[in-house]
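Visitor: Before anything else, here's the structure in question.
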Amino acid sequence: MKINMDKWAGDIIEDDEVKNLPILFFPCLPLIDKGVIEVVNDAQSHFANMKAVIAKFPKMIGAMTGMDLTSEAETFGCAVSFLDTEAPHISDEIVFDRATAESLQVPSLQAGRGPVFVKAAELAAQSITDRPTFGGMLGPFSLAAVLMGLERTLKASIRDKQTVHILLEKCTEYGQAYAQAFKEAGANGVLIAEPTAGLLAPNQCDEFSSKYVKQIVEAVQDEEFFVVLHNCGNVKKLVNSMVSTGAKGYHFGNAVKMTDIIPQIPEDYLVFGNIDPARVLKEGTAEVIKRATKDLLAEMKPYRHFVLSSGCDLPPEIPIANLQSFFEALEEFNNKELGR
Amino acid sequence: MSQDEILAKLKKSIAETDTDLAAEAAREAVAAGMEPMVAVNEGLSQGMKIIGDLFDEGEMFVPQLLIAAEAFETAMGILFANMSDEEKSKASQGKILIHTVQGDIHDIGKNIVKTMLSAAGFEVFDLGRDVPVEEVVQKAKEFKVDIIAGSALMTTTMPSQRDIIAVLKEEGIREQFKCMFGGAPVSLEWIAKIGADAYSETASGAVEQAKALMAEIRRG
């Protein structure tokens with residue numbers, strides 16, 4: 001269902017009540033009694049979990065596909081390891097030098113598991129009509145680093161820039177087509193996960209990430225399709241570079257203090273973050289979760305364009321009870337602030 | 001070239017992340033008969049300190065740090081080529097086994113810590129990534145290390161750190177090793193929970209923790 005996403009964002013900014021949109025998918029699998037392997041390979045199962053997330057946590061302001069972050073690399077030709085209790089992970093590299101970067105083929109969008117996520121987003125967009133549906137995808141530099149190996153890519157970003165650019169052009173070509181597919185399927189936006197760019201110097205982030213993310217943003221973002229750029233690294237000095245992409249939303253992890261980040265972002269863009277998925281949401285007690293959440297909300301009070309979220313994708317083993325505490329903390333904060 | 005000039009060149013090669021210069025300076029140090037640990041402590045490590053400080057201050061980033069680490073390892077390989085294992089151990093600040101835990105393939109952080117530890121004079125045995133718990137314990141015994149260090153980047157692989165402690169206890173050798181863990185999801189609370197000895201959020205902090213553990217070991 002098409003939604004005016006500029007209005008959606010504007011309404012969030014205008015609303016005195018703080019909203020919540022954690023990157024939440026895998027922890028809710030017990031609700032539908034399915035494992036990771038099935039939901040990352042089957043669109044109907046994937047959609048069923050997206051629905052279950054919304055049903056369990058109706059205060060989520062959007063429906064989201066799961067953050068798999070391996071399907072793009074797998075489609076290019078990397079091997080993937082699947083376990084039923086954790087997100088898949090890539091186990092090898094396929095680009096080693098200029099020659100292998102040049103010979104790498106950009107795969108068809110119909111290949112691999114990309115169609116699973118696009119179809120799931122399509123189903124969600126058709127049946128979950130009271131809030132936007134977001135697809136998820138890996139950003140171009142992060143994908144390049146998976147294909148070429150992280151250390152090799154980072155060193156090449158200094159020693160052999162041309163090879164990195166050759167690879168990035170191919171990753172961006174695929175990424176742009178993937179984002180477009182989500183849009184054509186009816187999704188209202190896409191979360192581009194670009195964590196590896198958080199390891200770069202600001203000028204490198206401009207050159208090797210933001211320049212390419214911007215191409216994707218300019219190709220797909222409009223009034224009805226919203227791009228959220230995610231980077232959970234230490235990006236305090238990279239915010240300007242991120243904003244140069246033109247994305248209308250920015251999502252941050254717990255490696256940064258939101259008070260250092262949000263003043264750098266225009267007030268008409270949404271800013272999401274950043275409760276620690278591991279130390280707080282997984283390991284924390286209800287009291288720890290509520291205190292961390294309320295402390296963040298108190299710090300963010302001056303910033304109307306702030307949306308509460310997790311610092312990153314939430315892994316499967318996070319207890320649902322902990323997520324309930326997370327949502328309750330927001331509810332309690334809003335009730336207190338609004339005198340309810 | 002005087003010793004001071006060679007040391008300055010070694011320092012500069014790391015500070016400027018110049019692998020070729022590091023190799024050249026290391027060869028000059030060997031040709032001049034310089035003690036390897038002098039070349040490391042007063043040359044290479046001084047350059048790595050500059051890099052580490054800039055990294056901690058957010059003025060240098062991981063790609064540059066990796067190139068500096070490569071320059072450092074290149075020079076180390078030349079300086080220590082003719083040293084026996086016994087001589088290396090005797091000269092070191094301590095022996096550390098480092099790895100990325102079983103099931104985890106993320107090793108950038110581990111590699112940076114490895115270089116920082118080497119720069120600080122530790123003898124580091126790097127087992128690589130996705131290392132089975134049993135292999136960690138077996139190699140720790142084989143190399144007679146002082147410290148077992150392990151990195152986990154995922155919440156699902158953190159339990160391997162707990163498992164290492166468990167295996168050491170089962171074999172009755174827990175007291176033979178200090179255990180230091182790190183990685184994004186790791187925390188002081190986790191370290192306390194699993195009965196490990198130290199944790200650091202940063203690479204430079206890991207070096208300080210390793211030095212503190214060695215001081216504990218020497219105090220007995």
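Please note that chains go A, B, ... in the order of the structure tokens, that every chain numbers its residues from 1, and that ligands are numbered from 1 in the order shown.
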Can you pull out every residue within 12 Å of Val18 (chain A), counting only C-alpha atoms, but drop anything in the same chain fewer than 6 positions away, and send it as a PyMOL selection string?
Guide: chain A and resi 11-12+59-61+270-272+293-294+296-298+300-309+327+329-338
Visitor: Using only C-alpha atoms, determine which residues lie at most 12 Å from Ala212 (chain B), disregarding the query and same-chain residues fewer than 4 positions distant; provide the list as a list in words.
Guide: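 With the cut-off at 12 Å, the set is Gln93, Gly94, Ile147, Lys178, Met180, Asp197, Ala198, Tyr199, Gly205, Ala206, Val207, Glu208, Glu216, Ile217, Arg218 and Arg219 of chain B.
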Visitor: Using N, CA and C atoms, can you export the residues from the last selection as a PDB file, in the first residue's frame?
Guide:
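The result, stored in part19.pdb:
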ATOM      1  N   GLN B  93      57.643  -9.886  27.003  1.00  0.00           N
ATOM      2  CA  GLN B  93      56.938  -9.436  28.205  1.00  0.00           C
ATOM      3  C   GLN B  93      56.036 -10.530  28.761  1.00  0.00           C
ATOM      4  N   GLY B  94      55.784 -11.530  27.923  1.00  0.00           N
ATOM      5  CA  GLY B  94      54.886 -12.611  28.330  1.00  0.00           C
ATOM      6  C   GLY B  94      54.400 -13.300  27.066  1.00  0.00           C
ATOM      7  N   ILE B 147      48.794 -16.182  28.987  1.00  0.00           N
ATOM      8  CA  ILE B 147      47.455 -15.615  28.840  1.00  0.00           C
ATOM      9  C   ILE B 147      46.770 -16.219  27.615  1.00  0.00           C
ATOM     10  N   LYS B 178      45.911 -17.106  32.607  1.00  0.00           N
ATOM     11  CA  LYS B 178      45.001 -15.983  32.745  1.00  0.00           C
ATOM     12  C   LYS B 178      44.157 -15.947  31.469  1.00  0.00           C
ATOM     13  N   MET B 180      41.625 -13.673  29.021  1.00  0.00           N
ATOM     14  CA  MET B 180      41.220 -12.306  28.691  1.00  0.00           C
ATOM     15  C   MET B 180      40.367 -12.351  27.427  1.00  0.00           C
ATOM     16  N   ASP B 197      39.384 -13.410  33.522  1.00  0.00           N
ATOM     17  CA  ASP B 197      40.217 -12.541  34.346  1.00  0.00           C
ATOM     18  C   ASP B 197      40.238 -11.084  33.906  1.00  0.00           C
ATOM     19  N   ALA B 198      40.004 -10.854  32.598  1.00  0.00           N
ATOM     20  CA  ALA B 198      40.122  -9.468  32.138  1.00  0.00           C
ATOM     21  C   ALA B 198      39.344  -9.257  30.858  1.00  0.00           C
ATOM     22  N   TYR B 199      39.054  -7.983  30.610  1.00  0.00           N
ATOM     23  CA  TYR B 199      38.295  -7.578  29.437  1.00  0.00           C
ATOM     24  C   TYR B 199      38.705  -6.169  29.058  1.00  0.00           C
ATOM     25  N   GLY B 205      43.609  -0.787  25.413  1.00  0.00           N
ATOM     26  CA  GLY B 205      43.212  -1.255  26.735  1.00  0.00           C
ATOM     27  C   GLY B 205      43.569  -2.711  26.950  1.00  0.00           C
ATOM     28  N   ALA B 206      43.481  -3.500  25.891  1.00  0.00           N
ATOM     29  CA  ALA B 206      43.847  -4.922  25.984  1.00  0.00           C
ATOM     30  C   ALA B 206      45.319  -5.064  26.349  1.00  0.00           C
ATOM     31  N   VAL B 207      46.152  -4.209  25.794  1.00  0.00           N
ATOM     32  CA  VAL B 207      47.581  -4.243  26.129  1.00  0.00           C
ATOM     33  C   VAL B 207      47.782  -3.936  27.607  1.00  0.00           C
ATOM     34  N   GLU B 208      47.091  -2.936  28.101  1.00  0.00           N
ATOM     35  CA  GLU B 208      47.223  -2.580  29.527  1.00  0.00           C
ATOM     36  C   GLU B 208      46.737  -3.718  30.409  1.00  0.00           C
ATOM     37  N   GLU B 216      50.386  -9.646  37.815  1.00  0.00           N
ATOM     38  CA  GLU B 216      49.758 -10.576  38.777  1.00  0.00           C
ATOM     39  C   GLU B 216      50.487 -11.906  38.776  1.00  0.00           C
ATOM     40  N   ILE B 217      50.809 -12.387  37.571  1.00  0.00           N
ATOM     41  CA  ILE B 217      51.499 -13.689  37.456  1.00  0.00           C
ATOM     42  C   ILE B 217      52.851 -13.620  38.151  1.00  0.00           C
ATOM     43  N   ARG B 218      53.563 -12.528  37.934  1.00  0.00           N
ATOM     44  CA  ARG B 218      54.908 -12.421  38.538  1.00  0.00           C
ATOM     45  C   ARG B 218      54.831 -12.310  40.042  1.00  0.00           C
ATOM     46  N   ARG B 219      53.745 -11.696  40.560  1.00  0.00           N
ATOM     47  CA  ARG B 219      53.584 -11.583  42.022  1.00  0.00           C
ATOM     48  C   ARG B 219      53.256 -12.935  42.614  1.00  0.00           C
TER      49      ARG B 219
END
Visitor: Report as a list in words all protein, DNA and RNA residues lying within 8 Å of Asn322 (chain A), evaluated on only C-alpha atoms, omitting residues in the same chain fewer than 5 positions from it.
Guide: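 What passes the distance filter is Leu281, Lys282, Gly284, Thr285, Ala286 and Ile289 of chain A.
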Visitor: Could you please tell me, as a PDB file with N, CA, C and O atoms, in the first residue's frame, which residues of chain B have an atom within 9 Å of chain A when using only C-alpha atoms?
Guide:
ATOM      1  N   GLY B  58      40.590   8.893  17.655  1.00  0.00           N
ATOM      2  CA  GLY B  58      39.689   9.019  16.506  1.00  0.00           C
ATOM      3  C   GLY B  58      40.284   9.797  15.351  1.00  0.00           C
ATOM      4  O   GLY B  58      39.554  10.324  14.507  1.00  0.00           O
ATOM      5  N   GLU B  59      41.615   9.895  15.324  1.00  0.00           N
ATOM      6  CA  GLU B  59      42.277  10.621  14.232  1.00  0.00           C
ATOM      7  C   GLU B  59      42.870   9.665  13.205  1.00  0.00           C
ATOM      8  O   GLU B  59      43.336  10.102  12.158  1.00  0.00           O
ATOM      9  N   MET B  60      42.882   8.398  13.531  1.00  0.00           N
ATOM     10  CA  MET B  60      43.348   7.407  12.572  1.00  0.00           C
ATOM     11  C   MET B  60      42.331   6.273  12.586  1.00  0.00           C
ATOM     12  O   MET B  60      41.665   6.052  13.596  1.00  0.00           O
ATOM     13  N   PHE B  61      42.234   5.593  11.449  1.00  0.00           N
ATOM     14  CA  PHE B  61      41.146   4.636  11.320  1.00  0.00           C
ATOM     15  C   PHE B  61      41.695   3.260  10.961  1.00  0.00           C
ATOM     16  O   PHE B  61      42.896   3.086  10.719  1.00  0.00           O
ATOM     17  N   VAL B  62      40.775   2.283  10.940  1.00  0.00           N
ATOM     18  CA  VAL B  62      41.212   0.887  10.843  1.00  0.00           C
ATOM     19  C   VAL B  62      42.062   0.593   9.606  1.00  0.00           C
ATOM     20  O   VAL B  62      43.057  -0.125   9.721  1.00  0.00           O
ATOM     21  N   PRO B  63      41.722   1.091   8.423  1.00  0.00           N
ATOM     22  CA  PRO B  63      42.583   0.769   7.274  1.00  0.00           C
ATOM     23  C   PRO B  63      44.046   1.160   7.492  1.00  0.00           C
ATOM     24  O   PRO B  63      44.958   0.382   7.179  1.00  0.00           O
ATOM     25  N   GLN B  64      44.260   2.358   8.031  1.00  0.00           N
ATOM     26  CA  GLN B  64      45.639   2.787   8.274  1.00  0.00           C
ATOM     27  C   GLN B  64      46.290   1.922   9.353  1.00  0.00           C
ATOM     28  O   GLN B  64      47.476   1.603   9.289  1.00  0.00           O
ATOM     29  N   LEU B  66      45.700  -1.160   9.975  1.00  0.00           N
ATOM     30  CA  LEU B  66      46.054  -2.460   9.391  1.00  0.00           C
ATOM     31  C   LEU B  66      47.351  -2.370   8.593  1.00  0.00           C
ATOM     32  O   LEU B  66      48.176  -3.294   8.627  1.00  0.00           O
ATOM     33  N   ILE B  67      47.540  -1.284   7.872  1.00  0.00           N
ATOM     34  CA  ILE B  67      48.782  -1.117   7.095  1.00  0.00           C
ATOM     35  C   ILE B  67      49.956  -0.956   8.062  1.00  0.00           C
ATOM     36  O   ILE B  67      51.039  -1.515   7.845  1.00  0.00           O
ATOM     37  N   ILE B 105      34.030 -15.756  12.604  1.00  0.00           N
ATOM     38  CA  ILE B 105      35.086 -15.523  11.617  1.00  0.00           C
ATOM     39  C   ILE B 105      35.564 -14.071  11.586  1.00  0.00           C
ATOM     40  O   ILE B 105      36.359 -13.692  10.745  1.00  0.00           O
ATOM     41  N   HIS B 106      35.083 -13.283  12.505  1.00  0.00           N
ATOM     42  CA  HIS B 106      35.468 -11.869  12.509  1.00  0.00           C
ATOM     43  C   HIS B 106      36.821 -11.715  13.187  1.00  0.00           C
ATOM     44  O   HIS B 106      36.967 -12.054  14.359  1.00  0.00           O
ATOM     45  N   ASP B 107      37.801 -11.206  12.477  1.00  0.00           N
ATOM     46  CA  ASP B 107      39.135 -11.180  13.087  1.00  0.00           C
ATOM     47  C   ASP B 107      39.869  -9.842  12.992  1.00  0.00           C
ATOM     48  O   ASP B 107      41.032  -9.756  13.391  1.00  0.00           O
ATOM     49  N   ILE B 108      39.228  -8.821  12.504  1.00  0.00           N
ATOM     50  CA  ILE B 108      39.902  -7.520  12.417  1.00  0.00           C
ATOM     51  C   ILE B 108      40.333  -7.036  13.799  1.00  0.00           C
ATOM     52  O   ILE B 108      41.480  -6.646  14.015  1.00  0.00           O
ATOM     53  N   MET B 154      29.932 -11.970  17.977  1.00  0.00           N
ATOM     54  CA  MET B 154      28.498 -12.249  17.924  1.00  0.00           C
ATOM     55  C   MET B 154      28.031 -12.794  19.262  1.00  0.00           C
ATOM     56  O   MET B 154      28.767 -13.531  19.929  1.00  0.00           O
ATOM     57  N   THR B 155      26.810 -12.483  19.615  1.00  0.00           N
ATOM     58  CA  THR B 155      26.269 -13.011  20.872  1.00  0.00           C
ATOM     59  C   THR B 155      26.218 -14.538  20.840  1.00  0.00           C
ATOM     60  O   THR B 155      26.325 -15.190  21.879  1.00  0.00           O
ATOM     61  N   THR B 156      26.063 -15.092  19.630  1.00  0.00           N
ATOM     62  CA  THR B 156      25.950 -16.551  19.533  1.00  0.00           C
ATOM     63  C   THR B 156      27.288 -17.251  19.687  1.00  0.00           C
ATOM     64  O   THR B 156      27.307 -18.466  19.918  1.00  0.00           O
ATOM     65  N   ALA B 184      32.610  -7.194  20.458  1.00  0.00           N
ATOM     66  CA  ALA B 184      31.497  -6.242  20.576  1.00  0.00           C
ATOM     67  C   ALA B 184      30.458  -6.593  21.646  1.00  0.00           C
ATOM     68  O   ALA B 184      30.059  -5.717  22.423  1.00  0.00           O
ATOM     69  N   PRO B 185      29.988  -7.846  21.735  1.00  0.00           N
ATOM     70  CA  PRO B 185      28.934  -8.117  22.711  1.00  0.00           C
ATOM     71  C   PRO B 185      29.453  -8.407  24.127  1.00  0.00           C
ATOM     72  O   PRO B 185      28.670  -8.579  25.059  1.00  0.00           O
ATOM     73  N   VAL B 186      30.772  -8.448  24.275  1.00  0.00           N
ATOM     74  CA  VAL B 186      31.365  -8.830  25.559  1.00  0.00           C
ATOM     75  C   VAL B 186      31.347  -7.639  26.517  1.00  0.00           C
ATOM     76  O   VAL B 186      31.464  -6.488  26.082  1.00  0.00           O
ATOM     77  N   SER B 187      31.201  -7.943  27.784  1.00  0.00           N
ATOM     78  CA  SER B 187      31.138  -6.879  28.789  1.00  0.00           C
ATOM     79  C   SER B 187      31.831  -7.349  30.060  1.00  0.00           C
ATOM     80  O   SER B 187      32.137  -8.541  30.214  1.00  0.00           O
ATOM     81  N   GLU B 189      30.408  -7.570  32.834  1.00  0.00           N
ATOM     82  CA  GLU B 189      29.466  -8.459  33.507  1.00  0.00           C
ATOM     83  C   GLU B 189      29.615  -9.892  32.977  1.00  0.00           C
ATOM     84  O   GLU B 189      29.591 -10.856  33.741  1.00  0.00           O
ATOM     85  N   TRP B 190      29.804 -10.005  31.666  1.00  0.00           N
ATOM     86  CA  TRP B 190      29.983 -11.327  31.062  1.00  0.00           C
ATOM     87  C   TRP B 190      31.290 -11.950  31.566  1.00  0.00           C
ATOM     88  O   TRP B 190      31.336 -13.125  31.905  1.00  0.00           O
TER      89      TRP B 190
END
Visitor: Given the choices B:Ala166, B:Ala23, B:Ala149, B:Leu97, which gets closest to Gly195 (chain B) if the distance is worked out from only C-alpha atoms?
Guide: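 Checking each of B:Ala166, B:Ala23, B:Ala149, B:Leu97 against Gly195 (chain B), counting only C-alpha atoms, the winner is B:Ala166.
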Visitor: Hey, what's within 12 Å of region 169-176 of chain B if we count only C-alpha atoms and toss same-chain stuff fewer than 2 positions away? As a list in words, please?
Guide: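 That gives Glu134, Val137, Gln138, Ala140, Lys141, Lys144, Val145, Asp146, Ile147, Ile148, Arg162, Asp163, Ile164, Ile165, Ala166, Val167, Lys178, Cys179, Ile194, Gly195, Ala196, Asp197, Ile217 and Gly220 of chain B.
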Visitor: Find the spatial neighbours of Lys119 (chain A), counting only C-alpha atoms, within a cut-off of 12 Å - ignore same-chain residues fewer than 6 positions away - and output them as an NGL selection string.
Guide: :A and (40-48 or 65 or 110 or 113 or 125-126 or 133 or 135 or 178 or 181-187)
Visitor: Under the rule that only C-alpha atoms are counted, which of A:Val53, A:Met1, A:Leu147, A:Cys28 is the nearest residue to Thr129 (chain A)?
Guide: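 Ranked by minimum distance to Thr129 (chain A), first place goes to A:Met1.
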Visitor: Find the residues around Ala63 (chain A) up to 7 Å (only C-alpha atoms counted), leave out those fewer than 5 positions away in its own chain, and share them as a compact mmCIF listing (two decimals) with N, CA and C atoms, in the first residue's frame.
Guide:
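Final file, selection_18.txt:
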# COMPACT_ATOMS: atom_id res chain seq x y z
N MET A 50 6.94 -11.57 10.05
CA MET A 50 6.76 -10.10 10.04
C MET A 50 5.41 -9.76 10.69
N ILE A 54 4.47 -7.73 14.47
CA ILE A 54 3.52 -6.61 14.61
C ILE A 54 2.41 -6.99 15.60
N PRO A 132 4.07 1.49 7.43
CA PRO A 132 4.92 1.16 6.28
C PRO A 132 5.62 -0.18 6.44
N THR A 133 5.99 -0.75 5.30
CA THR A 133 6.81 -1.96 5.24
C THR A 133 8.19 -1.58 4.73
N PHE A 134 9.22 -2.05 5.43
CA PHE A 134 10.60 -1.79 5.02
C PHE A 134 11.28 -3.09 4.62
Visitor: Could you pull out the strand (DSSP E) residues of region 40-102 of chain A, going by DSSP on the backbone, and write them as a list in words?
Guide: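 Result set for region 40-102 of chain A (strand (DSSP E)): Ala63, Met64, Val80, Ser81, Phe82, Leu83, Glu86, Ala87, Pro88, His89 and Ile90 of chain A.
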Visitor: Keeping only N, CA, C and O atoms, write the selected residues to a file as an mmCIF file, in the first residue's frame.
Guide:
data_model
loop_
_atom_site.group_PDB
_atom_site.id
_atom_site.type_symbol
_atom_site.label_atom_id
_atom_site.label_comp_id
_atom_site.auth_asym_id
_atom_site.auth_seq_id
_atom_site.Cartn_x
_atom_site.Cartn_y
_atom_site.Cartn_z
ATOM 1 N N ALA A 63 6.673 -2.396 9.612
ATOM 2 C CA ALA A 63 6.972 -3.821 9.470
ATOM 3 C C ALA A 63 8.306 -3.928 8.741
ATOM 4 O O ALA A 63 8.599 -3.140 7.845
ATOM 5 N N MET A 64 9.125 -4.908 9.155
ATOM 6 C CA MET A 64 10.461 -5.010 8.564
ATOM 7 C C MET A 64 10.763 -6.437 8.147
ATOM 8 O O MET A 64 10.439 -7.372 8.884
ATOM 9 N N VAL A 80 27.394 -19.812 2.044
ATOM 10 C CA VAL A 80 26.693 -19.358 3.254
ATOM 11 C C VAL A 80 26.523 -20.533 4.202
ATOM 12 O O VAL A 80 26.240 -21.649 3.769
ATOM 13 N N SER A 81 26.720 -20.270 5.499
ATOM 14 C CA SER A 81 26.430 -21.272 6.519
ATOM 15 C C SER A 81 25.093 -20.940 7.158
ATOM 16 O O SER A 81 24.869 -19.796 7.564
ATOM 17 N N PHE A 82 24.236 -21.961 7.255
ATOM 18 C CA PHE A 82 22.924 -21.763 7.870
ATOM 19 C C PHE A 82 22.844 -22.562 9.165
ATOM 20 O O PHE A 82 23.258 -23.718 9.220
ATOM 21 N N LEU A 83 22.323 -21.903 10.182
ATOM 22 C CA LEU A 83 21.975 -22.606 11.417
ATOM 23 C C LEU A 83 20.561 -22.171 11.779
ATOM 24 O O LEU A 83 20.154 -21.048 11.456
ATOM 25 N N GLU A 86 20.615 -18.981 14.506
ATOM 26 C CA GLU A 86 21.272 -17.688 14.338
ATOM 27 C C GLU A 86 21.165 -17.254 12.881
ATOM 28 O O GLU A 86 20.915 -18.080 12.000
ATOM 29 N N ALA A 87 21.385 -15.960 12.651
ATOM 30 C CA ALA A 87 21.345 -15.461 11.286
ATOM 31 C C ALA A 87 22.454 -16.139 10.479
ATOM 32 O O ALA A 87 23.510 -16.464 11.015
ATOM 33 N N PRO A 88 22.241 -16.339 9.177
ATOM 34 C CA PRO A 88 23.262 -16.977 8.346
ATOM 35 C C PRO A 88 24.541 -16.152 8.319
ATOM 36 O O PRO A 88 24.519 -14.946 8.572
ATOM 37 N N HIS A 89 25.672 -16.796 8.009
ATOM 38 C CA HIS A 89 26.880 -16.001 7.805
ATOM 39 C C HIS A 89 27.697 -16.548 6.641
ATOM 40 O O HIS A 89 27.670 -17.731 6.325
ATOM 41 N N ILE A 90 28.400 -15.636 6.008
ATOM 42 C CA ILE A 90 29.220 -15.952 4.847
ATOM 43 C C ILE A 90 30.537 -16.553 5.327
ATOM 44 O O ILE A 90 31.120 -16.076 6.310
#
Visitor: Could you please write out, as a PyMOL selection string, every residue of region 61-216 of chain B that DSSP assigns to alpha helix (DSSP H)?
Guide: chain B and resi 62-79+85-91+108-119+133-143+159-170+188-194+203-216
Visitor: Which of these residues is nearest to Gly109 (chain B), using only C-alpha atoms: B:Gln3, B:Ser160, B:Ser151, B:Ser89?
Guide: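 Distance minimum relative to Gly109 (chain B) lands on B:Ser151.
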Visitor: Just to confirm, what's the straight-line distance from CA of Ala99 (chain A) to CA of Ser209 (chain A) in Å (one decimal)?
Guide: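 CA of Ser209 (chain A) lies 21.8 Å from CA of Ala99 (chain A).
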Visitor: For the atom pair CA of Asp126 (chain B) and CA of Asn41 (chain B), what is the interatomic distance in Å to one decimal place?
Guide: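 These two atoms are separated by 20.6 Å.
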Visitor: Any idea what the distance is between CA of Asp313 (chain A) and CA of Val95 (chain A)?
Guide: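 CA of Asp313 (chain A) sits 26.7 Å away from CA of Val95 (chain A).
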